[in-house]
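A.B. asks: Structure file query-v8.txt (compact mmCIF, C-alpha atoms) right here:
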```txt
# COMPACT_ATOMS: atom_id res chain seq x y z
CA MET A 1 22.56 247.34 113.86
CA SER A 2 20.41 244.24 113.55
CA LEU A 3 20.70 241.05 115.54
CA ASN A 4 19.86 237.63 114.22
CA GLN A 5 20.26 234.12 115.50
CA GLN A 6 21.48 231.33 113.26
CA ASP A 7 20.38 227.74 113.68
CA TRP A 8 23.66 225.84 113.83
CA SER A 9 21.96 222.46 114.25
CA LEU A 10 22.27 221.83 110.51
CA HIS A 11 26.02 222.24 110.75
CA ARG A 12 26.07 219.59 113.48
CA LYS A 13 23.90 217.07 111.67
CA GLY A 14 26.93 215.14 110.47
CA SER A 15 28.36 214.62 113.96
CA ILE A 16 24.89 213.92 115.39
CA ASP A 17 24.26 211.26 112.72
CA GLN A 18 27.73 209.82 113.32
CA LYS A 19 27.06 209.57 117.05
CA ARG A 20 23.68 207.93 116.42
CA HIS A 21 25.36 205.52 114.02
CA MET A 22 28.01 204.56 116.59
CA GLU A 23 25.26 203.88 119.12
CA LYS A 24 23.68 201.53 116.59
CA VAL A 25 27.08 199.89 116.06
CA ARG A 26 27.40 199.38 119.82
CA ASP A 27 23.93 197.83 120.00
CA ALA A 28 24.71 195.60 117.03
CA VAL A 29 27.99 194.49 118.62
CA LYS A 30 26.18 193.59 121.86
CA LYS A 31 23.60 191.55 119.93
CA ASN A 32 26.38 189.68 118.08
CA LEU A 33 28.70 189.00 121.02
CA ALA A 34 28.30 185.22 120.70
CA ASP A 35 29.77 185.39 117.17
CA ILE A 36 32.36 188.06 117.99
CA VAL A 37 33.80 186.31 121.05
CA SER A 38 34.63 183.24 118.94
CA GLU A 39 36.29 185.19 116.09
CA GLU A 40 39.75 183.75 115.53
CA SER A 41 41.10 187.08 114.23
CA ILE A 42 40.23 188.72 117.56
CA ILE A 43 41.66 185.94 119.69
CA MET A 44 44.91 185.99 117.71
CA SER A 45 45.19 189.80 117.83
CA ASP A 46 47.72 191.54 120.05
CA GLY A 47 45.02 193.75 121.61
CA LYS A 48 46.76 196.98 120.54
CA ARG A 49 45.13 197.62 117.19
CA ALA A 50 41.51 198.41 116.40
CA ILE A 51 39.45 195.36 115.50
CA LYS A 52 37.06 195.11 112.56
CA VAL A 53 33.88 193.38 113.60
CA PRO A 54 31.59 192.13 110.80
CA ILE A 55 27.96 193.08 111.46
CA ARG A 56 25.28 192.13 108.97
CA SER A 57 22.70 194.60 107.67
CA LEU A 58 24.26 197.72 109.18
CA GLU A 59 25.55 200.53 107.00
CA GLN A 60 26.43 204.13 107.65
CA TYR A 61 23.91 206.65 106.31
CA ARG A 62 24.52 207.75 102.72
CA PHE A 63 22.63 208.71 99.56
CA ARG A 64 21.84 205.90 97.15
CA TYR A 65 21.24 206.18 93.42
CA ASP A 66 19.39 203.56 91.44
CA SER A 67 21.33 204.24 88.21
CA GLY A 68 18.23 203.56 86.12
CA LYS A 69 17.63 200.11 87.54
CA GLN A 70 14.09 200.86 88.73
CA GLU A 71 11.25 201.31 86.27
CA HIS A 72 9.48 204.04 88.26
CA ALA A 73 10.23 206.73 90.83
CA GLY A 74 7.61 205.61 93.33
CA GLN A 75 5.44 208.74 93.16
CA GLY A 76 1.71 208.68 93.97
CA ASN A 77 -1.25 210.14 92.05
CA GLY A 78 -2.18 212.77 94.65
CA LYS A 79 -4.86 210.67 96.39
CA SER A 80 -2.60 208.48 98.52
CA LYS A 81 -2.88 208.33 102.30
CA VAL A 82 -0.40 207.51 105.02
CA GLY A 83 0.38 203.81 104.94
CA ASP A 84 -0.58 203.25 101.27
CA VAL A 85 1.91 201.34 99.12
CA ILE A 86 2.41 203.63 96.13
CA ALA A 87 4.76 201.44 94.12
CA LYS A 88 6.43 198.09 94.35
CA GLU A 89 9.06 196.41 92.23
CA PRO A 90 7.93 193.13 90.67
CA GLN A 91 9.25 190.14 92.59
CA GLN A 92 12.02 188.31 90.79
CA GLN A 93 12.74 184.68 91.13
CA GLY A 94 15.63 184.05 93.48
CA LYS A 95 18.89 183.30 91.74
CA GLY A 96 21.13 183.25 94.75
CA THR A 97 21.54 179.49 94.82
CA GLY A 98 22.81 177.23 92.12
CA LYS A 99 20.98 174.40 90.46
CA GLY A 100 22.73 171.76 92.45
CA LYS A 101 25.26 171.24 95.15
CA GLY A 102 28.39 173.18 94.41
CA ASP A 103 26.87 175.30 91.61
CA PRO A 104 27.64 179.00 91.91
CA GLY A 105 24.76 181.42 92.52
CA GLU A 106 23.98 184.40 90.29
CA GLU A 107 22.86 186.92 92.91
CA ALA A 108 24.97 188.78 95.45
CA GLY A 109 24.89 187.57 99.04
CA ASP A 110 23.96 189.53 102.15
CA GLU A 111 25.92 192.70 102.75
CA TYR A 112 27.58 193.36 106.06
CA TYR A 113 29.26 196.35 107.66
CA GLU A 114 32.69 196.12 109.29
CA ALA A 115 32.57 198.14 112.49
CA GLU A 116 35.95 199.23 113.82
CA ILE A 117 36.19 198.97 117.59
CA SER A 118 39.10 198.95 120.01
CA MET A 119 39.88 195.91 122.15
CA GLU A 120 39.21 198.01 125.27
CA GLU A 121 35.71 198.94 124.04
CA LEU A 122 34.97 195.35 123.09
CA THR A 123 36.11 193.91 126.43
CA ALA A 124 34.06 196.55 128.27
CA LEU A 125 30.93 195.33 126.47
CA ILE A 126 31.71 191.66 127.06
CA PHE A 127 32.60 191.98 130.74
CA GLU A 128 30.23 194.75 131.86
CA ASP A 129 28.07 192.47 134.04
CA LEU A 130 30.50 189.63 134.83
CA GLU A 131 32.26 188.99 138.15
CA LEU A 132 33.94 186.26 140.18
CA PRO A 133 31.03 184.44 141.85
CA ASN A 134 30.84 183.82 145.60
CA LEU A 135 33.79 186.12 146.32
CA GLU A 136 34.30 186.10 150.10
CA GLU A 137 36.18 188.25 152.59
CA LYS A 138 39.18 186.25 153.75
CA ARG A 139 41.16 186.29 156.97
CA GLN A 140 44.18 187.93 155.40
CA ALA A 141 43.72 190.46 152.59
CA GLU A 142 47.00 190.89 150.73
CA LEU A 143 45.93 192.27 147.36
CA GLU A 144 46.79 195.97 147.41
CA THR A 145 45.01 198.46 145.17
CA GLU A 146 46.51 201.96 145.15
CA THR A 147 44.03 204.83 144.87
CA VAL A 148 44.41 208.62 145.00
CA LYS A 149 42.66 210.70 147.67
CA PHE A 150 42.64 214.52 147.68
CA THR A 151 43.31 215.63 151.23
CA ASP A 152 44.12 219.38 151.15
CA VAL A 153 43.97 222.61 149.09
CA ARG A 154 46.99 224.85 148.58
CA LYS A 155 47.99 227.96 146.64
CA LYS A 156 50.71 226.23 144.64
CA GLY A 157 50.75 223.02 142.71
CA PRO A 158 50.70 221.45 139.22
CA MET A 159 48.07 222.80 136.81
CA ALA A 160 46.70 219.27 136.44
CA ASN A 161 45.52 219.50 140.07
CA LEU A 162 43.89 222.94 139.69
CA ASP A 163 40.66 223.17 141.68
CA LYS A 164 38.58 225.24 139.27
CA LYS A 165 35.61 225.74 141.58
CA ARG A 166 37.70 227.04 144.49
CA THR A 167 39.75 229.20 142.11
CA ILE A 168 36.61 230.90 140.77
CA MET A 169 35.29 231.44 144.31
CA GLU A 170 38.58 233.03 145.41
CA ASN A 171 38.49 235.37 142.40
CA ILE A 172 34.89 236.43 143.11
CA LYS A 173 35.69 237.00 146.82
CA ARG A 174 38.69 239.17 145.94
CA ASN A 175 36.66 241.21 143.43
CA ALA A 176 33.72 241.49 145.86
CA ALA A 177 36.04 243.13 148.40
CA LYS A 178 36.58 245.82 145.76
CA GLY A 179 32.83 246.27 145.21
CA ASP A 180 32.48 244.12 142.06
CA PRO A 181 31.41 240.54 142.96
CA THR A 182 31.96 239.03 139.49
CA PHE A 183 34.47 236.62 137.98
CA HIS A 184 37.16 238.52 136.04
CA ASP A 185 40.83 239.47 136.04
CA ILE A 186 42.08 236.21 137.48
CA SER A 187 45.48 236.41 139.18
CA ASN A 188 47.96 233.93 140.62
CA ASP A 189 46.65 234.71 144.12
CA ASP A 190 43.28 233.22 143.10
CA LEU A 191 44.67 229.83 142.09
CA ARG A 192 43.91 226.88 144.33
CA PHE A 193 45.31 223.39 143.87
CA LYS A 194 44.24 220.01 145.23
CA VAL A 195 46.85 218.09 147.17
CA TRP A 196 46.60 214.34 146.94
CA GLU A 197 48.22 211.36 148.54
CA PRO A 198 48.13 207.67 147.60
CA THR A 199 46.01 205.37 149.73
CA VAL A 200 46.12 201.59 149.72
CA ARG A 201 42.93 199.56 149.64
CA TYR A 202 43.05 195.83 150.36
CA GLU A 203 40.97 193.38 148.36
CA SER A 204 40.10 189.75 148.93
CA ASN A 205 42.69 187.32 147.63
CA ALA A 206 41.69 185.21 144.64
CA VAL A 207 43.41 182.60 142.52
CA VAL A 208 42.06 180.98 139.36
CA ILE A 209 43.40 177.55 138.38
CA ALA A 210 43.02 176.99 134.62
CA MET A 211 43.27 173.32 133.61
CA MET A 212 43.21 172.17 129.97
CA ASP A 213 43.25 168.74 128.36
CA VAL A 214 45.97 168.65 125.68
CA SER A 215 45.84 164.92 124.93
CA GLY A 216 45.73 163.38 121.47
CA SER A 217 41.92 163.14 121.49
CA MET A 218 41.67 166.94 121.61
CA GLY A 219 41.42 167.92 117.94
CA GLU A 220 41.82 171.37 116.40
CA PHE A 221 38.22 172.33 117.20
CA GLU A 222 38.43 171.21 120.83
CA LYS A 223 41.74 173.01 121.42
CA TYR A 224 40.45 176.17 119.74
CA ILE A 225 37.33 176.26 121.93
CA ALA A 226 39.29 175.66 125.14
CA ARG A 227 41.84 178.34 124.28
CA SER A 228 39.08 180.76 123.23
CA PHE A 229 37.37 180.42 126.59
CA TYR A 230 40.59 180.84 128.54
CA PHE A 231 41.66 183.79 126.35
CA TRP A 232 38.55 185.73 127.38
CA MET A 233 38.69 184.48 130.97
CA VAL A 234 42.24 185.78 131.42
CA ARG A 235 41.29 189.15 129.87
CA PHE A 236 38.23 189.36 132.11
CA LEU A 237 40.26 188.71 135.27
CA ARG A 238 42.97 191.22 134.37
CA THR A 239 40.44 193.85 133.30
CA LYS A 240 38.23 193.70 136.40
CA TYR A 241 40.65 192.68 139.16
CA GLN A 242 44.01 194.17 140.11
CA HIS A 243 46.01 191.22 141.38
CA VAL A 244 44.11 187.97 140.85
CA GLN A 245 46.62 185.18 140.42
CA ILE A 246 46.23 182.63 137.61
CA VAL A 247 47.78 179.16 137.63
CA PHE A 248 47.98 177.28 134.30
CA ILE A 249 47.92 173.46 134.20
CA SER A 250 48.11 171.29 131.05
CA HIS A 251 47.51 167.56 131.20
CA HIS A 252 47.35 164.34 129.18
CA THR A 253 48.10 161.23 131.25
CA GLU A 254 50.31 163.46 133.37
CA ALA A 255 49.74 167.03 134.53
CA LYS A 256 52.23 169.87 134.90
CA GLU A 257 52.12 173.56 135.73
CA VAL A 258 53.09 175.63 132.68
CA THR A 259 53.60 179.28 131.74
CA GLU A 260 50.83 181.27 130.14
CA GLU A 261 52.58 181.15 126.75
CA GLU A 262 53.01 177.38 126.93
CA PHE A 263 49.39 177.00 128.00
CA PHE A 264 48.04 178.78 124.91
CA TYR A 265 50.53 177.78 122.22
CA ARG A 266 52.19 174.50 123.11
CA GLY A 267 50.70 171.28 121.72
CA GLU A 268 50.79 167.84 123.32
CA SER A 269 49.58 164.31 122.56
CA GLY A 270 49.03 160.99 124.28
CA GLY A 271 46.24 159.52 126.36
CA THR A 272 44.00 161.19 128.92
CA GLN A 273 44.01 160.86 132.70
CA VAL A 274 42.03 163.79 134.07
CA SER A 275 42.68 162.95 137.72
CA SER A 276 46.33 163.96 137.27
CA ALA A 277 45.25 167.61 136.76
CA TYR A 278 43.02 167.62 139.84
CA GLU A 279 45.73 166.04 142.01
CA LEU A 280 48.19 168.72 140.91
CA ALA A 281 45.62 171.45 141.59
CA LEU A 282 45.07 170.14 145.12
CA GLN A 283 48.84 169.97 145.66
CA ILE A 284 49.27 173.60 144.52
CA ILE A 285 46.42 174.75 146.79
CA ALA A 286 47.97 172.94 149.78
CA GLU A 287 51.41 174.46 149.15
CA ARG A 288 50.55 178.04 148.10
CA PHE A 289 46.90 178.98 148.52
CA ASN A 290 45.43 178.30 151.95
CA PRO A 291 41.60 178.37 151.53
CA VAL A 292 41.37 180.37 154.76
CA ASP A 293 43.19 183.22 153.01
CA TRP A 294 42.24 182.71 149.37
CA ASN A 295 39.16 182.59 147.14
CA ILE A 296 39.91 179.64 144.84
CA TYR A 297 38.38 179.04 141.39
CA PRO A 298 39.42 175.90 139.46
CA PHE A 299 38.26 175.54 135.82
CA HIS A 300 38.79 172.54 133.58
CA PHE A 301 38.12 172.06 129.84
CA SER A 302 38.27 168.68 128.12
CA ASP A 303 36.57 166.58 125.46
CA GLY A 304 35.62 164.11 128.20
CA ASP A 305 37.46 161.16 126.65
CA ASN A 306 38.99 159.94 129.89
CA LEU A 307 40.27 156.52 130.94
CA PRO A 308 37.07 154.77 132.16
CA TRP A 309 38.63 153.53 135.40
CA ASP A 310 39.75 157.10 136.21
CA ASN A 311 36.25 158.64 136.30
CA ASP A 312 35.44 157.57 139.87
CA ARG A 313 38.78 158.96 141.03
CA CYS A 314 37.95 162.29 139.27
CA LEU A 315 34.62 162.44 141.08
CA GLU A 316 36.36 162.00 144.45
CA LEU A 317 38.88 164.74 143.64
CA VAL A 318 36.20 167.16 142.45
CA GLU A 319 34.35 166.66 145.74
CA GLU A 320 37.61 167.39 147.59
CA LEU A 321 38.24 170.53 145.50
CA MET A 322 34.75 171.87 146.16
CA LYS A 323 35.37 171.68 149.91
CA GLN A 324 38.16 174.21 149.45
CA CYS A 325 36.94 176.29 146.49
CA ASN A 326 34.29 178.91 145.79
CA ILE A 327 33.10 177.12 142.65
CA PHE A 328 34.39 174.38 140.33
CA GLY A 329 33.79 174.91 136.60
CA TYR A 330 33.92 172.07 134.07
CA GLY A 331 33.52 172.58 130.33
CA GLU A 332 33.11 169.65 127.95
CA ILE A 333 33.67 170.18 124.24
CA ARG A 334 31.68 167.96 121.84
CA GLU A 335 32.13 168.99 118.20
CA GLY A 336 29.09 169.55 115.99
CA HIS A 337 25.64 168.85 117.40
CA TYR A 338 26.69 165.65 119.12
CA ARG A 339 25.59 166.40 122.68
CA SER A 340 25.65 162.92 124.15
CA PRO A 341 27.65 163.30 127.38
CA SER A 342 30.95 161.50 127.84
CA THR A 343 31.47 158.93 130.57
CA LEU A 344 33.25 161.67 132.55
CA MET A 345 30.28 164.05 132.28
CA SER A 346 27.95 161.17 133.19
CA ALA A 347 29.97 160.72 136.37
CA TYR A 348 29.78 164.47 137.11
CA ASN A 349 25.99 164.43 136.68
CA LYS A 350 25.90 162.75 140.09
CA VAL A 351 27.27 165.89 141.75
CA GLN A 352 24.55 167.85 143.56
CA ASP A 353 26.70 170.60 145.07
CA PRO A 354 25.67 174.06 143.71
CA LYS A 355 29.37 174.97 143.60
CA PHE A 356 29.79 172.60 140.64
CA ILE A 357 28.97 174.33 137.34
CA SER A 358 29.25 172.52 134.01
CA VAL A 359 28.68 173.39 130.36
CA THR A 360 28.80 171.47 127.11
CA ILE A 361 30.03 173.31 124.02
CA SER A 362 29.41 171.94 120.54
CA ASP A 363 29.67 175.18 118.54
CA LYS A 364 32.06 178.12 118.81
CA ARG A 365 29.12 180.52 119.35
CA GLU A 366 28.59 178.84 122.74
CA VAL A 367 31.87 180.16 124.20
CA TYR A 368 30.24 183.45 125.23
CA PRO A 369 27.23 181.81 127.00
CA ALA A 370 29.72 179.55 128.82
CA LEU A 371 31.67 182.59 129.98
CA ARG A 372 28.44 184.17 131.26
CA LYS A 373 27.34 181.00 133.00
CA PHE A 374 30.58 180.71 134.95
CA PHE A 375 30.97 184.42 135.76
CA HIS A 376 27.45 185.88 135.91
CA ALA A 377 27.13 188.74 138.38
CA ARG A 378 25.07 188.54 141.53
CA GLY A 379 21.51 189.71 141.03
CA VAL A 380 21.71 189.03 137.26
CA ALA A 381 19.69 186.18 135.84
CA THR A 382 21.83 183.23 134.83
CA PRO A 383 21.82 182.80 131.03
CA ASP A 384 19.98 179.92 129.46
CA PRO A 385 21.96 176.73 130.11
CA ILE A 386 23.97 175.39 127.21
CA ALA A 387 24.55 172.02 128.74
```
Would you put the structure from the file into structure tokens?

C.D. replies:
Amino acid sequence: MSLNQQDWSLHRKGSIDQKRHMEKVRDAVKKNLADIVSEESIIMSDGKRAIKVPIRSLEQYRFRYDSGKQEHAGQGNGKSKVGDVIAKEPQQQGKGTGKGKGDPGEEAGDEYYEAEISMEELTALIFEDLELPNLEEKRQAELETETVKFTDVRKKGPMANLDKKRTIMENIKRNAAKGDPTFHDISNDDLRFKVWEPTVRYESNAVVIAMMDVSGSMGEFEKYIARSFYFWMVRFLRTKYQHVQIVFISHHTEAKEVTEEEFFYRGESGGTQVSSAYELALQIIAERFNPVDWNIYPFHFSDGDNLPWDNDRCLELVEELMKQCNIFGYGEIREGHYRSPSTLMSAYNKVQDPKFISVTISDKREVYPALRKFFHARGVATPDPIA
């Protein structure tokens, strides 16, 4: 009888290449998060289906055939060295663009690969180093998080709770008593099961107050950016924290507390009086969220087109909010590359309190940097400012 050993690595090359490819997909997704976060198809998805993410210049490994298009095979003459260019196709004049504006091009555009990724995987990448800033221990911790703690070992129990290590040890001990200290002939007497009981862990209370301008000056772009930011903010809070409460406020000249569905899908019109939103936020805090017991995080998104006489009142209310809150986040949306601040932002530029954080967004790719600026984790460098 002869023994031989087969190298099965070749049989695993496909799965190894697939794993390497998925790692490249993950890296490519991370590098393109600014584009992905602002994808309308993702924001409008229900979160249950896999999402196709377009990533340029990334294809899965496969054989390619030139179908006679090349004039040579690229072989050398036997005297080439490492690094020598042995053959090169003649450069052709670019035909990708037309002769004038609106003319069709003759060459194909850039190829891109559609990576399929679940919403859970995508949110894990987006939120992996984000957290609520300045989270403090409060006097009364009411947020309960239930965890499981294994407290005992017994001979009977569900197979899901089987303690494999203790079971093996019991089997070896029983066999050793018979003179054969090896693992074999397992019996029901060897089985050991973990016994668990639920334990409650209390977390610091936190409430996020989401305020959004829905006045007539907020066009399609401005509303899309505001809703995009809040879409990811809500997912972040519900992914990382068990019971953080979220209050939704919409405002034009008047402010009102609305449901989550109304906040994201209901349209409004009319003028803009930002102070109405801040007054309502302060009223809600006074009635339901005592700062002694709660970490409070108000956020407001607007185009900044406020009634001029209302700006000073807004500044007073922001100062009052910051006395009671962990941070105050203001996002101003200015379409295109027009970055000149509004009169409201000019008023906020006077604020020196480090609790006040502001961003200006003029392109949908800036939603992700805004999210990181508001929620960057402790000990992680704050991203480059976008305002």

A.B. asks: With distances taken over all atoms listed in the file, which residue among A:Asn349, A:Thr259, A:Asn205, A:Thr253 lies nearest Val292 in chain A?

C.D. replies: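 Nearest to Val292 in chain A: A:Asn205.
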
A.B. asks: Just give me the gap between CA of Leu132 in chain A and CA of Glu260 in chain A in Å, one decimal is fine.

C.D. replies: 20.3 Å

A.B. asks: What is the CA of Met212 in chain A to CA of Ser118 in chain A distance in Å?

C.D. replies: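 Interatomic distance, CA of Met212 in chain A to CA of Ser118 in chain A: 28.9 Å.
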
A.B. asks: For the point (34.9, 175.6, 117.0) in file coordinates, what residues are within 12 Å, counting all atoms listed in the file? Give the answer as a PDB file with C-alpha atoms, in the coordinates of the input?

C.D. replies:
```pdb
ATOM      1  CA  ASP A  35      29.770 185.390 117.170  1.00  0.00           C
ATOM      2  CA  VAL A  37      33.800 186.310 121.050  1.00  0.00           C
ATOM      3  CA  SER A  38      34.630 183.240 118.940  1.00  0.00           C
ATOM      4  CA  GLU A  39      36.290 185.190 116.090  1.00  0.00           C
ATOM      5  CA  GLU A  40      39.750 183.750 115.530  1.00  0.00           C
ATOM      6  CA  MET A 218      41.670 166.940 121.610  1.00  0.00           C
ATOM      7  CA  GLY A 219      41.420 167.920 117.940  1.00  0.00           C
ATOM      8  CA  GLU A 220      41.820 171.370 116.400  1.00  0.00           C
ATOM      9  CA  PHE A 221      38.220 172.330 117.200  1.00  0.00           C
ATOM     10  CA  GLU A 222      38.430 171.210 120.830  1.00  0.00           C
ATOM     11  CA  LYS A 223      41.740 173.010 121.420  1.00  0.00           C
ATOM     12  CA  TYR A 224      40.450 176.170 119.740  1.00  0.00           C
ATOM     13  CA  ILE A 225      37.330 176.260 121.930  1.00  0.00           C
ATOM     14  CA  ALA A 226      39.290 175.660 125.140  1.00  0.00           C
ATOM     15  CA  ARG A 227      41.840 178.340 124.280  1.00  0.00           C
ATOM     16  CA  SER A 228      39.080 180.760 123.230  1.00  0.00           C
ATOM     17  CA  PHE A 229      37.370 180.420 126.590  1.00  0.00           C
ATOM     18  CA  ILE A 333      33.670 170.180 124.240  1.00  0.00           C
ATOM     19  CA  ARG A 334      31.680 167.960 121.840  1.00  0.00           C
ATOM     20  CA  GLU A 335      32.130 168.990 118.200  1.00  0.00           C
ATOM     21  CA  GLY A 336      29.090 169.550 115.990  1.00  0.00           C
ATOM     22  CA  HIS A 337      25.640 168.850 117.400  1.00  0.00           C
ATOM     23  CA  ILE A 361      30.030 173.310 124.020  1.00  0.00           C
ATOM     24  CA  SER A 362      29.410 171.940 120.540  1.00  0.00           C
ATOM     25  CA  ASP A 363      29.670 175.180 118.540  1.00  0.00           C
ATOM     26  CA  LYS A 364      32.060 178.120 118.810  1.00  0.00           C
ATOM     27  CA  ARG A 365      29.120 180.520 119.350  1.00  0.00           C
ATOM     28  CA  GLU A 366      28.590 178.840 122.740  1.00  0.00           C
ATOM     29  CA  VAL A 367      31.870 180.160 124.200  1.00  0.00           C
TER      30      VAL A 367
END
```

A.B. asks: Find the distance between CA of Asp310 in chain A and CA of Gly270 in chain A and write it in Å to one decimal.

C.D. replies: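 Result for CA of Asp310 in chain A versus CA of Gly270 in chain A: 15.6 Å, one decimal.
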
A.B. asks: If you count all atoms listed in the file, which residues fall within 10 Å of Tyr278 in chain A, apart from same-chain ones fewer than 5 positions away, as a ChimeraX atom specification?

C.D. replies: /A:211,249,251,255,273,283-284,298,300,313-318,320-321

A.B. asks: Using only C-alpha atoms, which residues sit within 10 Å of range 176-188 of chain A once same-chain residues fewer than 6 positions away are excluded, as a PDB file with C-alpha atoms, in the frame of the given file?

C.D. replies:
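Contents of selection-v7.pdb, as written:
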```
ATOM      1  CA  LYS A 155      47.990 227.960 146.640  1.00  0.00           C
ATOM      2  CA  LYS A 156      50.710 226.230 144.640  1.00  0.00           C
ATOM      3  CA  THR A 167      39.750 229.200 142.110  1.00  0.00           C
ATOM      4  CA  ILE A 168      36.610 230.900 140.770  1.00  0.00           C
ATOM      5  CA  MET A 169      35.290 231.440 144.310  1.00  0.00           C
ATOM      6  CA  GLU A 170      38.580 233.030 145.410  1.00  0.00           C
TER       7      GLU A 170
END
```

A.B. asks: Do you know which residues are at most 7 Å from Gly329 in chain A counting only C-alpha atoms, after dropping those on the same chain fewer than 6 positions away, and could you put them as a PyMOL selection string?

C.D. replies: chain A and resi 298-300+356-358+374

A.B. asks: Emit as JSON the padded axis-aligned box for all listed atoms of range 124-134 of chain A, 3 Å per side, with centre and edge lengths in Å to one decimal.

C.D. replies:
```
{"center_x": 31.1, "center_y": 190.2, "center_z": 136.0, "size_x": 12.0, "size_y": 18.7, "size_z": 25.1}
```

A.B. asks: Using only C-alpha atoms, which of the listed residues (A:Gly267, A:Val207, A:Glu262, A:Ala286) sits closest to Ile246 in chain A?

C.D. replies: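 For Ile246 in chain A, the nearest of the given residues is A:Val207.
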
A.B. asks: For Val153 in chain A, which residue among A:Arg192, A:Lys165, A:Pro133, A:Ile296 is the nearest when counting all atoms listed in the file?

C.D. replies: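 Nearest to Val153 in chain A: A:Arg192.
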
A.B. asks: Pull the neighbourhood of (36.4, 168.1, 126.6) for me: all residues within 6 Å in file coordinates, counting all atoms listed in the file, as JSON, numbers by chain.

C.D. replies: {"A": [301, 302, 303, 304, 332, 333]}

A.B. asks: Mind rebuilding range 306-321 of chain A with N, CA and C atoms and writing that out as an mmCIF file, in the coordinates of the input?

C.D. replies:
```cif
data_model
loop_
_atom_site.group_PDB
_atom_site.id
_atom_site.type_symbol
_atom_site.label_atom_id
_atom_site.label_comp_id
_atom_site.auth_asym_id
_atom_site.auth_seq_id
_atom_site.Cartn_x
_atom_site.Cartn_y
_atom_site.Cartn_z
ATOM 1 N N ASN A 306 38.095 160.296 128.799
ATOM 2 C CA ASN A 306 38.990 159.940 129.890
ATOM 3 C C ASN A 306 39.096 158.424 130.013
ATOM 4 N N LEU A 307 40.167 157.952 130.651
ATOM 5 C CA LEU A 307 40.270 156.520 130.940
ATOM 6 C C LEU A 307 39.096 156.113 131.824
ATOM 7 N N PRO A 308 38.305 155.102 131.422
ATOM 8 C CA PRO A 308 37.070 154.770 132.160
ATOM 9 C C PRO A 308 37.293 154.530 133.647
ATOM 10 N N TRP A 309 38.383 153.835 133.983
ATOM 11 C CA TRP A 309 38.630 153.530 135.400
ATOM 12 C C TRP A 309 39.034 154.767 136.206
ATOM 13 N N ASP A 310 39.305 155.888 135.522
ATOM 14 C CA ASP A 310 39.750 157.100 136.210
ATOM 15 C C ASP A 310 38.573 158.008 136.600
ATOM 16 N N ASN A 311 37.375 157.743 136.068
ATOM 17 C CA ASN A 311 36.250 158.640 136.300
ATOM 18 C C ASN A 311 35.839 158.717 137.774
ATOM 19 N N ASP A 312 35.820 157.573 138.448
ATOM 20 C CA ASP A 312 35.440 157.570 139.870
ATOM 21 C C ASP A 312 36.467 158.357 140.689
ATOM 22 N N ARG A 313 37.733 158.214 140.336
ATOM 23 C CA ARG A 313 38.780 158.960 141.030
ATOM 24 C C ARG A 313 38.592 160.474 140.799
ATOM 25 N N CYS A 314 38.215 160.877 139.575
ATOM 26 C CA CYS A 314 37.950 162.290 139.270
ATOM 27 C C CYS A 314 36.814 162.830 140.133
ATOM 28 N N LEU A 315 35.777 162.019 140.284
ATOM 29 C CA LEU A 315 34.620 162.440 141.080
ATOM 30 C C LEU A 315 35.033 162.695 142.526
ATOM 31 N N GLU A 316 35.873 161.817 143.079
ATOM 32 C CA GLU A 316 36.360 162.000 144.450
ATOM 33 C C GLU A 316 37.167 163.286 144.578
ATOM 34 N N LEU A 317 38.016 163.554 143.583
ATOM 35 C CA LEU A 317 38.880 164.740 143.640
ATOM 36 C C LEU A 317 38.079 166.028 143.461
ATOM 37 N N VAL A 318 37.053 165.986 142.622
ATOM 38 C CA VAL A 318 36.200 167.160 142.450
ATOM 39 C C VAL A 318 35.483 167.481 143.759
ATOM 40 N N GLU A 319 34.997 166.453 144.446
ATOM 41 C CA GLU A 319 34.350 166.660 145.740
ATOM 42 C C GLU A 319 35.341 167.291 146.728
ATOM 43 N N GLU A 320 36.589 166.837 146.696
ATOM 44 C CA GLU A 320 37.610 167.390 147.590
ATOM 45 C C GLU A 320 37.916 168.841 147.235
ATOM 46 N N LEU A 321 37.982 169.158 145.933
ATOM 47 C CA LEU A 321 38.240 170.530 145.500
ATOM 48 C C LEU A 321 37.108 171.470 145.926
#
```
